[in-house]
$ cat query28.txt   # compact mmCIF, C-alpha atoms
# COMPACT_ATOMS: atom_id res chain seq x y z
CA MET A 1 -44.24 205.41 -65.49
CA LYS A 2 -42.23 202.31 -64.73
CA LYS A 3 -38.47 202.64 -64.31
CA ILE A 4 -36.36 200.24 -66.37
CA ALA A 5 -32.65 199.53 -65.95
CA ILE A 6 -30.84 198.00 -68.92
CA ILE A 7 -27.43 196.59 -68.02
CA GLY A 8 -25.45 196.14 -71.22
CA GLY A 9 -25.32 198.65 -74.07
CA GLY A 10 -24.36 196.38 -76.93
CA ILE A 11 -26.44 195.52 -79.96
CA VAL A 12 -29.37 194.06 -78.00
CA GLY A 13 -29.42 196.61 -75.19
CA LEU A 14 -29.30 199.74 -77.35
CA THR A 15 -31.76 198.38 -79.90
CA LEU A 16 -34.15 197.50 -77.08
CA ALA A 17 -33.70 200.93 -75.47
CA ASN A 18 -34.61 202.70 -78.69
CA TYR A 19 -37.68 200.55 -79.36
CA LEU A 20 -39.12 200.91 -75.84
CA GLU A 21 -41.97 203.39 -75.57
CA SER A 22 -40.69 206.45 -73.71
CA THR A 23 -44.30 207.30 -72.83
CA GLN A 24 -44.49 204.12 -70.74
CA PHE A 25 -41.01 203.84 -69.26
CA THR A 26 -38.18 205.86 -67.78
CA ILE A 27 -35.03 204.13 -69.01
CA THR A 28 -31.46 204.11 -67.71
CA LEU A 29 -28.81 202.14 -69.60
CA TYR A 30 -25.57 201.01 -67.93
CA ASP A 31 -22.44 199.96 -69.82
CA ASP A 32 -18.74 200.55 -69.23
CA GLU A 33 -18.05 199.45 -72.87
CA ILE A 34 -14.97 197.40 -71.88
CA GLY A 35 -14.61 194.32 -74.08
CA GLN A 36 -17.98 194.88 -75.71
CA ALA A 37 -18.38 192.45 -78.60
CA THR A 38 -20.55 194.71 -80.78
CA ARG A 39 -18.19 197.66 -80.55
CA ALA A 40 -15.33 195.48 -81.79
CA SER A 41 -17.30 193.74 -84.51
CA ALA A 42 -18.07 194.15 -88.15
CA GLY A 43 -20.05 191.41 -89.70
CA ILE A 44 -21.78 189.76 -92.58
CA ILE A 45 -25.57 189.66 -92.55
CA SER A 46 -26.01 186.54 -94.67
CA PRO A 47 -27.12 183.49 -92.64
CA TRP A 48 -28.93 181.56 -95.35
CA VAL A 49 -26.36 178.94 -96.36
CA SER A 50 -25.35 178.02 -92.82
CA LYS A 51 -25.32 174.26 -92.33
CA ARG A 52 -26.05 174.50 -88.60
CA ARG A 53 -28.63 171.88 -87.68
CA ASN A 54 -30.36 173.98 -85.03
CA LYS A 55 -33.64 174.85 -86.77
CA LYS A 56 -34.66 177.35 -84.11
CA TRP A 57 -31.38 179.22 -84.48
CA TYR A 58 -31.80 179.34 -88.26
CA GLN A 59 -35.36 180.66 -87.96
CA LEU A 60 -34.09 183.42 -85.65
CA ALA A 61 -31.17 184.26 -87.95
CA LYS A 62 -33.35 184.21 -91.08
CA ASP A 63 -35.94 186.51 -89.52
CA GLY A 64 -33.16 188.65 -88.07
CA ALA A 65 -31.73 189.21 -91.55
CA ALA A 66 -35.21 189.95 -92.94
CA PHE A 67 -35.67 192.55 -90.16
CA PHE A 68 -32.90 194.84 -91.46
CA PRO A 69 -34.99 196.94 -93.89
CA LYS A 70 -37.25 197.93 -90.98
CA LEU A 71 -34.22 198.59 -88.78
CA VAL A 72 -32.64 200.82 -91.43
CA SER A 73 -35.89 202.74 -91.87
CA ASP A 74 -36.68 203.11 -88.16
CA PHE A 75 -33.22 204.34 -87.19
CA GLN A 76 -32.16 205.98 -90.48
CA LEU A 77 -28.98 203.94 -90.82
CA ASP A 78 -26.77 205.25 -93.60
CA GLU A 79 -24.42 203.18 -95.76
CA SER A 80 -21.47 203.75 -93.43
CA ILE A 81 -23.39 201.65 -90.88
CA TYR A 82 -25.30 199.08 -92.95
CA THR A 83 -25.21 198.26 -96.65
CA ARG A 84 -26.95 195.54 -98.67
CA CYS A 85 -23.81 194.93 -100.69
CA GLY A 86 -24.10 191.22 -101.56
CA THR A 87 -22.10 188.26 -100.31
CA LEU A 88 -19.45 186.19 -102.08
CA ILE A 89 -18.87 182.67 -100.75
CA LEU A 90 -15.56 181.07 -101.68
CA ARG A 91 -15.38 177.28 -101.58
CA GLN A 92 -13.70 174.53 -103.53
CA GLU A 93 -15.14 174.41 -107.02
CA THR A 94 -16.60 170.93 -106.44
CA GLN A 95 -18.65 172.27 -103.49
CA LEU A 96 -20.15 175.33 -105.14
CA GLU A 97 -22.84 173.66 -107.24
CA ALA A 98 -24.21 171.79 -104.22
CA LEU A 99 -24.14 175.04 -102.24
CA TYR A 100 -25.99 176.78 -105.08
CA ASP A 101 -28.75 174.12 -104.99
CA PHE A 102 -28.97 174.41 -101.20
CA ALA A 103 -29.24 178.20 -101.40
CA GLN A 104 -32.07 177.90 -103.93
CA THR A 105 -34.08 175.74 -101.51
CA ARG A 106 -33.50 178.25 -98.71
CA LYS A 107 -34.68 181.11 -100.92
CA GLU A 108 -38.18 179.60 -101.04
CA GLU A 109 -38.75 180.84 -97.49
CA ALA A 110 -36.31 183.75 -97.63
CA PRO A 111 -36.93 185.87 -100.74
CA GLU A 112 -34.77 188.59 -99.18
CA MET A 113 -31.77 186.52 -100.30
CA GLY A 114 -32.16 188.14 -103.73
CA ASP A 115 -30.35 186.70 -106.72
CA ILE A 116 -28.20 183.59 -106.32
CA THR A 117 -25.47 183.29 -108.93
CA LEU A 118 -22.50 181.03 -109.62
CA LEU A 119 -19.59 183.26 -110.63
CA SER A 120 -16.70 182.24 -112.85
CA LYS A 121 -13.13 182.96 -111.76
CA GLU A 122 -13.08 186.11 -113.87
CA GLU A 123 -16.48 187.31 -112.60
CA THR A 124 -15.35 186.91 -108.98
CA SER A 125 -12.30 189.06 -109.55
CA LEU A 126 -14.42 191.70 -111.28
CA ALA A 127 -16.85 191.74 -108.35
CA LEU A 128 -14.01 192.33 -105.88
CA PRO A 129 -10.69 193.20 -107.50
CA LEU A 130 -8.66 192.28 -104.41
CA LEU A 131 -9.49 188.61 -104.87
CA LYS A 132 -7.48 186.20 -106.92
CA GLU A 133 -9.40 184.57 -109.73
CA THR A 134 -11.49 181.86 -108.10
CA PRO A 135 -15.09 180.68 -108.58
CA ALA A 136 -17.65 181.84 -106.06
CA LEU A 137 -21.32 181.84 -105.13
CA LYS A 138 -22.92 185.29 -104.96
CA ILE A 139 -26.01 186.11 -102.89
CA SER A 140 -27.16 189.61 -103.76
CA GLY A 141 -29.20 190.12 -100.56
CA GLY A 142 -26.24 189.79 -98.21
CA GLY A 143 -25.19 192.83 -96.21
CA ARG A 144 -22.54 194.24 -93.91
CA LEU A 145 -22.94 195.98 -90.56
CA ASP A 146 -20.33 198.00 -88.71
CA GLY A 147 -21.05 197.25 -85.06
CA LYS A 148 -19.14 200.24 -83.71
CA ALA A 149 -20.91 202.68 -86.04
CA TYR A 150 -24.30 201.10 -85.26
CA LEU A 151 -23.82 201.60 -81.53
CA ALA A 152 -22.72 205.21 -82.02
CA ARG A 153 -25.88 205.94 -84.01
CA LEU A 154 -28.22 204.25 -81.55
CA GLN A 155 -26.55 205.79 -78.55
CA GLN A 156 -27.15 209.26 -79.99
CA LEU A 157 -30.77 208.38 -80.78
CA ALA A 158 -31.24 207.16 -77.20
CA ILE A 159 -29.84 210.41 -75.79
CA ASP A 160 -32.12 212.38 -78.11
CA LYS A 161 -35.09 210.42 -76.70
CA GLY A 162 -34.09 211.44 -73.19
CA LEU A 163 -32.64 208.15 -72.00
CA SER A 164 -29.97 208.24 -69.30
CA ILE A 165 -26.71 206.46 -70.19
CA VAL A 166 -24.29 205.62 -67.39
CA LYS A 167 -20.88 204.47 -68.64
CA GLU A 168 -19.95 202.51 -65.54
CA ARG A 169 -19.91 198.85 -64.57
CA ALA A 170 -23.08 197.92 -62.71
CA THR A 171 -24.15 195.27 -60.22
CA LEU A 172 -27.69 194.12 -59.48
CA THR A 173 -29.45 193.24 -56.21
CA LYS A 174 -33.08 192.87 -55.21
CA LYS A 175 -34.89 194.36 -52.23
CA GLY A 176 -38.51 193.34 -51.94
CA SER A 177 -40.06 193.98 -55.35
CA ASP A 178 -37.41 196.54 -56.33
CA TRP A 179 -34.25 196.03 -58.35
CA ILE A 180 -31.21 197.97 -57.11
CA VAL A 181 -28.49 198.88 -59.63
CA THR A 182 -25.21 200.04 -58.11
CA THR A 183 -22.12 201.52 -59.75
CA ALA A 184 -18.93 203.02 -58.35
CA THR A 185 -20.59 206.43 -58.04
CA HIS A 186 -24.28 205.89 -57.32
CA SER A 187 -27.18 203.53 -56.69
CA ASP A 188 -30.76 203.63 -58.04
CA THR A 189 -34.00 201.66 -57.71
CA PHE A 190 -36.01 200.24 -60.63
CA ASP A 191 -39.24 198.39 -61.31
CA LEU A 192 -37.72 196.20 -64.01
CA ALA A 193 -34.18 195.04 -64.80
CA ILE A 194 -33.01 193.85 -68.22
CA ILE A 195 -29.54 192.33 -68.55
CA THR A 196 -28.10 192.31 -72.06
CA ALA A 197 -24.46 192.22 -71.01
CA GLY A 198 -23.17 189.27 -73.04
CA PRO A 199 -20.90 186.96 -71.02
CA SER A 200 -21.15 189.31 -68.02
CA LEU A 201 -24.66 187.97 -67.47
CA LYS A 202 -23.13 185.14 -65.47
CA PRO A 203 -21.27 187.22 -62.84
CA ILE A 204 -24.21 189.64 -62.59
CA LEU A 205 -26.81 186.94 -61.89
CA GLY A 206 -24.56 184.57 -59.92
CA PRO A 207 -24.91 186.49 -56.62
CA LEU A 208 -28.70 186.39 -57.08
CA GLY A 209 -28.66 182.61 -57.05
CA TYR A 210 -28.80 181.87 -60.77
CA HIS A 211 -26.76 179.26 -62.61
CA VAL A 212 -26.06 180.56 -66.13
CA ASP A 213 -24.82 178.51 -69.10
CA ILE A 214 -22.50 181.14 -70.58
CA ARG A 215 -18.81 181.25 -71.42
CA PRO A 216 -16.73 184.14 -72.79
CA GLN A 217 -14.85 183.87 -76.07
CA LYS A 218 -12.27 186.35 -77.30
CA GLY A 219 -12.52 187.60 -80.87
CA GLN A 220 -9.89 189.65 -82.73
CA LEU A 221 -10.29 191.39 -86.10
CA LEU A 222 -7.77 193.28 -88.20
CA GLU A 223 -8.77 196.64 -89.65
CA PHE A 224 -6.70 197.92 -92.58
CA GLN A 225 -6.85 201.40 -94.06
CA THR A 226 -6.00 200.83 -97.72
CA PRO A 227 -5.90 203.09 -100.80
CA PHE A 228 -8.84 201.29 -102.48
CA LEU A 229 -11.41 204.07 -102.25
CA GLU A 230 -13.89 202.19 -104.43
CA SER A 231 -14.27 199.59 -101.65
CA GLU A 232 -17.75 200.81 -100.67
CA GLN A 233 -19.13 199.05 -103.76
CA TRP A 234 -17.55 195.70 -102.96
CA PRO A 235 -19.40 192.68 -101.54
CA VAL A 236 -18.45 190.97 -98.31
CA VAL A 237 -16.65 187.66 -98.62
CA MET A 238 -16.96 184.41 -96.68
CA LEU A 239 -13.54 182.90 -97.25
CA ASP A 240 -13.10 179.14 -97.30
CA GLY A 241 -12.08 178.52 -93.69
CA GLU A 242 -12.33 180.68 -90.56
CA ALA A 243 -11.83 184.25 -91.77
CA ASP A 244 -14.12 186.70 -93.59
CA LEU A 245 -13.20 189.76 -95.65
CA ILE A 246 -15.39 192.81 -95.03
CA PRO A 247 -14.85 195.94 -97.16
CA PHE A 248 -16.22 199.27 -95.93
CA GLN A 249 -16.14 202.79 -97.32
CA GLN A 250 -13.03 204.81 -98.17
CA GLY A 251 -10.67 201.84 -98.33
CA LYS A 252 -11.37 200.39 -94.89
CA ILE A 253 -11.03 196.59 -95.03
CA LEU A 254 -11.60 194.22 -92.11
CA ILE A 255 -10.43 190.61 -91.80
CA GLY A 256 -11.75 188.43 -89.01
CA ALA A 257 -12.43 187.05 -86.68
CA THR A 258 -10.64 184.69 -84.32
CA HIS A 259 -12.50 182.37 -81.91
CA GLU A 260 -10.36 182.03 -78.78
CA ASN A 261 -11.99 179.98 -76.03
CA GLU A 262 -9.04 179.88 -73.66
CA ALA A 263 -8.40 183.66 -73.65
CA LEU A 264 -11.64 184.33 -71.75
CA TRP A 265 -11.75 188.07 -70.84
CA ASP A 266 -8.27 188.98 -72.12
CA LEU A 267 -8.34 191.95 -74.52
CA THR A 268 -4.65 192.01 -75.44
CA PRO A 269 -3.90 192.11 -79.19
CA THR A 270 -1.71 189.19 -80.18
CA LYS A 271 0.78 188.45 -82.91
CA GLU A 272 -0.77 184.99 -83.20
CA ALA A 273 -4.13 186.49 -84.19
CA PHE A 274 -2.47 188.64 -86.87
CA GLU A 275 -0.62 185.69 -88.28
CA GLN A 276 -3.69 183.45 -88.24
CA LEU A 277 -5.96 185.97 -89.98
CA TRP A 278 -3.39 187.43 -92.32
CA HIS A 279 -1.81 184.19 -93.49
CA HIS A 280 -5.19 182.57 -94.05
CA SER A 281 -6.65 185.46 -96.01
CA GLN A 282 -3.64 186.26 -98.16
CA SER A 283 -4.00 182.97 -100.02
CA PHE A 284 -7.22 184.45 -101.48
CA LEU A 285 -5.89 187.96 -102.13
CA LYS A 286 -3.80 189.57 -104.82
CA LYS A 287 -1.94 192.85 -104.25
CA THR A 288 -1.16 191.71 -100.72
CA GLU A 289 1.75 194.17 -100.61
CA GLU A 290 -0.85 196.97 -100.50
CA PHE A 291 -2.14 195.55 -97.22
CA LEU A 292 1.29 195.05 -95.71
CA THR A 293 2.22 198.69 -96.29
CA SER A 294 -1.13 199.96 -94.97
CA PRO A 295 -1.64 200.92 -91.34
CA TYR A 296 -3.78 198.47 -89.41
CA GLN A 297 -5.29 198.12 -85.97
CA TYR A 298 -7.00 195.45 -83.93
CA ARG A 299 -10.63 195.28 -82.90
CA ILE A 300 -11.03 193.03 -79.87
CA GLY A 301 -14.12 191.98 -77.95
CA THR A 302 -15.60 189.19 -75.86
CA ARG A 303 -18.52 187.16 -77.20
CA ALA A 304 -20.96 185.07 -75.17
CA TYR A 305 -21.56 181.41 -76.01
CA THR A 306 -23.85 178.75 -74.56
CA SER A 307 -23.12 175.02 -74.54
CA ASP A 308 -25.24 174.47 -77.64
CA PHE A 309 -24.12 177.72 -79.35
CA ALA A 310 -27.67 179.10 -79.31
CA PRO A 311 -28.87 182.47 -77.95
CA PHE A 312 -31.59 182.85 -75.35
CA PHE A 313 -33.76 185.76 -74.26
CA GLY A 314 -36.81 186.38 -72.10
CA SER A 315 -37.76 186.32 -68.44
CA PRO A 316 -36.51 183.70 -65.97
CA SER A 317 -38.61 185.11 -63.12
CA GLU A 318 -42.23 184.39 -62.38
CA ASP A 319 -43.08 188.06 -61.80
CA ASP A 320 -41.66 189.20 -65.16
CA THR A 321 -39.61 192.00 -63.65
CA LEU A 322 -36.31 190.51 -64.81
CA PHE A 323 -35.41 189.94 -68.47
CA VAL A 324 -32.18 188.69 -70.03
CA ALA A 325 -30.58 188.14 -73.43
CA SER A 326 -27.24 186.46 -74.10
CA GLY A 327 -25.41 183.69 -75.93
CA LEU A 328 -25.47 185.40 -79.33
CA GLY A 329 -21.98 184.19 -80.25
CA SER A 330 -20.68 185.08 -83.70
CA SER A 331 -24.20 185.66 -85.08
CA GLY A 332 -24.81 188.65 -82.82
CA LEU A 333 -24.91 191.27 -85.56
CA THR A 334 -27.57 189.27 -87.41
CA VAL A 335 -29.84 188.27 -84.53
CA GLY A 336 -29.10 191.00 -81.95
CA PRO A 337 -31.27 193.82 -83.35
CA PHE A 338 -34.22 191.46 -83.83
CA ILE A 339 -33.92 190.14 -80.27
CA GLY A 340 -33.85 193.72 -78.97
CA TYR A 341 -36.99 194.48 -80.96
CA LEU A 342 -38.80 191.35 -79.71
CA LEU A 343 -38.00 192.21 -76.09
CA ALA A 344 -39.28 195.76 -76.62
CA GLN A 345 -42.51 194.40 -78.11
CA ARG A 346 -42.95 192.20 -75.07
CA LEU A 347 -42.60 195.18 -72.73
CA ASN A 348 -44.54 197.68 -74.86
CA THR A 349 -47.50 195.49 -75.78
CA ASN A 350 -47.14 192.23 -73.82
CA ALA A 351 -46.92 190.43 -77.19
CA TRP A 352 -44.62 187.43 -76.96
CA SER A 353 -44.37 184.43 -79.27
CA VAL A 354 -40.78 183.26 -79.55
CA GLU A 355 -41.04 179.47 -79.25
CA ASP A 356 -39.90 179.11 -82.87
CA TYR A 357 -36.65 180.93 -82.05
CA GLN A 358 -35.26 179.25 -78.94
CA LYS A 359 -35.43 176.41 -76.49
CA PRO A 360 -36.99 177.08 -73.07
CA ILE A 361 -34.91 179.67 -71.24
CA SER A 362 -34.55 177.22 -68.34
CA ASN A 363 -32.10 175.28 -70.54
CA TYR A 364 -29.63 178.11 -70.02
CA LEU A 365 -30.59 179.90 -66.81
CA LYS A 366 -31.86 178.32 -63.59
CA LYS A 367 -32.45 179.60 -60.08
CA VAL A 368 -30.47 177.52 -57.58
CA GLU A 369 -32.45 177.10 -54.38
$ encode --input "query28.txt" --output "structure tokens"
Amino acid sequence: MKKIAIIGGGIVGLTLANYLESTQFTITLYDDEIGQATRASAGIISPWVSKRRNKKWYQLAKDGAAFFPKLVSDFQLDESIYTRCGTLILRQETQLEALYDFAQTRKEEAPEMGDITLLSKEETSLALPLLKETPALKISGGGRLDGKAYLARLQQLAIDKGLSIVKERATLTKKGSDWIVTTATHSDTFDLAIITAGPSLKPILGPLGYHVDIRPQKGQLLEFQTPFLESEQWPVVMLDGEADLIPFQQGKILIGATHENEALWDLTPTKEAFEQLWHHSQSFLKKTEEFLTSPYQYRIGTRAYTSDFAPFFGSPSEDDTLFVASGLGSSGLTVGPFIGYLLAQRLNTNAWSVEDYQKPISNYLKKVE
């Protein structure tokens, strides 16, 4: 059997590890978990009304959202991890009818969107009692994913399959046809190397002579534990502006996230992030005193972005012994599992048709001679 090293145990790496055929490969996954974007994230799986002009990105995000029923079935994800709870989109009233028409056109190729409904002010407040009365667009097929809970589930499944997980930072070198992975405590040799380490892809591949179009971006979320135990029935909310409101079970409510380009790898919680997220979201919320008296904590991670804000994945090497995936940005929870699955299919069956999902990988990663 071939030996595979996966460097990066986030949403792509662990999904890939669980979809790889253990009868074909011996798999070791490396991840020190520091600053990991997925572990800090909780997100909305509802890409259909995005106005991004990148058609390849939208095709990837649309198919990534449609992939979730298979993902839930394959890995037995319970409602504490993923729930198809519906999405509320809050915009100025004059914008909602145009957004409704746009969503209807998108549904023609994405029936998984479910029902699309314009809600009155009263109907919005009934759908999620924390919200002030304001009109909204509801998409019933939207969902929420808890990144931290997803990784915990997949990590346990990987261990049950017999995968080795090394929670240490790893470096990569090549000797002949072999890939050498080294940590602080040991070194091992592999036939194939797969790097799914987000923004760390750049420092890992730099010493091997690759120029990588990746930059880190800090993201902070606020997690509140509130007394609203009925929150598991509530939809997720795309607020008008930067922040989203994401209810989970047993009164857990998340607000996020920031997009901090200058903070780079810094994982320090900041008062500025609290003020930005809290002050923006409270204009949409009633009973804000319930939040202010509730305990809260930060979730902080580092995303990876490319210059054109698009992800890339595949092999940059002619011998197909090196594979990469990065640049997922803020859509990582939507596209990450699907990318992991596509990479596994490539390795399991040699099936590979991803031209509809991305530009040539050479746009983002080049070997410098």
$ closest_residue --input "query28.txt" --among "A:Thr26, A:Asp63, A:Ile4, A:Glu109" --to "Pro337 (chain A)" --atoms "all atoms listed in the file"
A:Asp63
$ residues_around --input "query28.txt" --residues "Ala149 (chain A)" --least-positions-apart "2" --cutoff "8 Å" --atoms "all atoms listed in the file" --output "PyMOL selection string"
chain A and resi 39+80-81+146-147+151-153
$ residues_around --input "query28.txt" --residues "Ala170 (chain A)" --least-positions-apart "6" --cutoff "8 Å" --atoms "only C-alpha atoms" --output "ChimeraX atom specification"
/A:7,30-31,181-184
$ closest_atom_pairs --input "query28.txt" --of "region 64-94 of chain A" --to "region 115-138 of chain A" --cutoff "12 Å" --atoms "all atoms listed in the file" --output "Markdown table"
| residue | atom | partner | partner_atom | distance |
| --- | --- | --- | --- | --- |
| A:Cys85 | CA | A:Lys138 | CA | 10.6 |
| A:Gly86 | CA | A:Lys138 | CA | 6.9 |
| A:Thr87 | CA | A:Lys138 | CA | 5.6 |
| A:Leu88 | CA | A:Lys138 | CA | 4.6 |
| A:Ile89 | CA | A:Leu137 | CA | 5.1 |
| A:Leu90 | CA | A:Ala136 | CA | 4.9 |
| A:Arg91 | CA | A:Ala136 | CA | 6.8 |
| A:Gln92 | CA | A:Pro135 | CA | 8.1 |
| A:Glu93 | CA | A:Pro135 | CA | 6.5 |
| A:Thr94 | CA | A:Pro135 | CA | 10.1 |
$ write_last_selection --input "query28.txt" --atoms "C-alpha atoms" --output "PDB file, keeping the file's coordinate frame"
ATOM      1  CA  CYS A  85     -23.810 194.930-100.690  1.00  0.00           C
ATOM      2  CA  GLY A  86     -24.100 191.220-101.560  1.00  0.00           C
ATOM      3  CA  THR A  87     -22.100 188.260-100.310  1.00  0.00           C
ATOM      4  CA  LEU A  88     -19.450 186.190-102.080  1.00  0.00           C
ATOM      5  CA  ILE A  89     -18.870 182.670-100.750  1.00  0.00           C
ATOM      6  CA  LEU A  90     -15.560 181.070-101.680  1.00  0.00           C
ATOM      7  CA  ARG A  91     -15.380 177.280-101.580  1.00  0.00           C
ATOM      8  CA  GLN A  92     -13.700 174.530-103.530  1.00  0.00           C
ATOM      9  CA  GLU A  93     -15.140 174.410-107.020  1.00  0.00           C
ATOM     10  CA  THR A  94     -16.600 170.930-106.440  1.00  0.00           C
TER      11      THR A  94
END
$ closest_residue --input "query28.txt" --among "A:Thr321, A:Asn350, A:Gln24, A:Gln358" --to "Ile194 (chain A)" --atoms "all atoms listed in the file"
A:Thr321
$ atom_distance --input "query28.txt" --atom1 "CA of Gln345 (chain A)" --atom2 "CA of Leu322 (chain A)"
15.2 Å
$ residues_around --input "query28.txt" --residues "Gly206 (chain A)" --least-positions-apart "4" --cutoff "12 Å" --atoms "all atoms listed in the file" --output "ChimeraX atom specification"
/A:171-173,199-202,210-214,365-368
$ atom_distance --input "query28.txt" --atom1 "CA of Ser164 (chain A)" --atom2 "CA of Leu29 (chain A)"
6.2 Å
$ closest_residue --input "query28.txt" --among "A:Phe190, A:Tyr298, A:Tyr341, A:Tyr364" --to "Ser326 (chain A)" --atoms "all atoms listed in the file"
A:Tyr364
$ closest_residue --input "query28.txt" --among "A:Gly13, A:Gly8, A:Pro247, A:Gly256" --to "Ala197 (chain A)" --atoms "all atoms listed in the file"
A:Gly8
$ closest_residue --input "query28.txt" --among "A:Leu342, A:Ile253, A:Ala325, A:Ala37" --to "Phe228 (chain A)" --atoms "all atoms listed in the file"
A:Ile253
$ closest_atom_pairs --input "query28.txt" --of "region 254-367 of chain A" --to "region 48-62 of chain A" --cutoff "6 Å" --atoms "only C-alpha atoms" --output "tab-separated table"
residue	atom	partner	partner_atom	distance
A:Val335	CA	A:Ala61	CA	5.4
A:Asp356	CA	A:Lys56	CA	5.7
A:Tyr357	CA	A:Lys56	CA	4.6
A:Gln358	CA	A:Lys56	CA	5.5
$ closest_atom_pairs --input "query28.txt" --of "region 123-231 of chain A" --to "region 264-276 of chain A" --cutoff "8 Å" --atoms "all atoms listed in the file" --output "JSON lines"
{"residue": "A:Arg215", "atom": "CA", "partner": "A:Leu264", "partner_atom": "CA", "distance": 7.8}
{"residue": "A:Pro216", "atom": "CA", "partner": "A:Leu264", "partner_atom": "CA", "distance": 5.2}
{"residue": "A:Gln217", "atom": "CA", "partner": "A:Leu264", "partner_atom": "CA", "distance": 5.4}
{"residue": "A:Lys218", "atom": "CA", "partner": "A:Leu264", "partner_atom": "CA", "distance": 5.9}
{"residue": "A:Gln220", "atom": "CA", "partner": "A:Ala273", "partner_atom": "CA", "distance": 6.7}
{"residue": "A:Leu222", "atom": "CA", "partner": "A:Phe274", "partner_atom": "CA", "distance": 7.2}
$ atom_distance --input "query28.txt" --atom1 "CA of Lys70 (chain A)" --atom2 "CA of Phe312 (chain A)"
22.4 Å
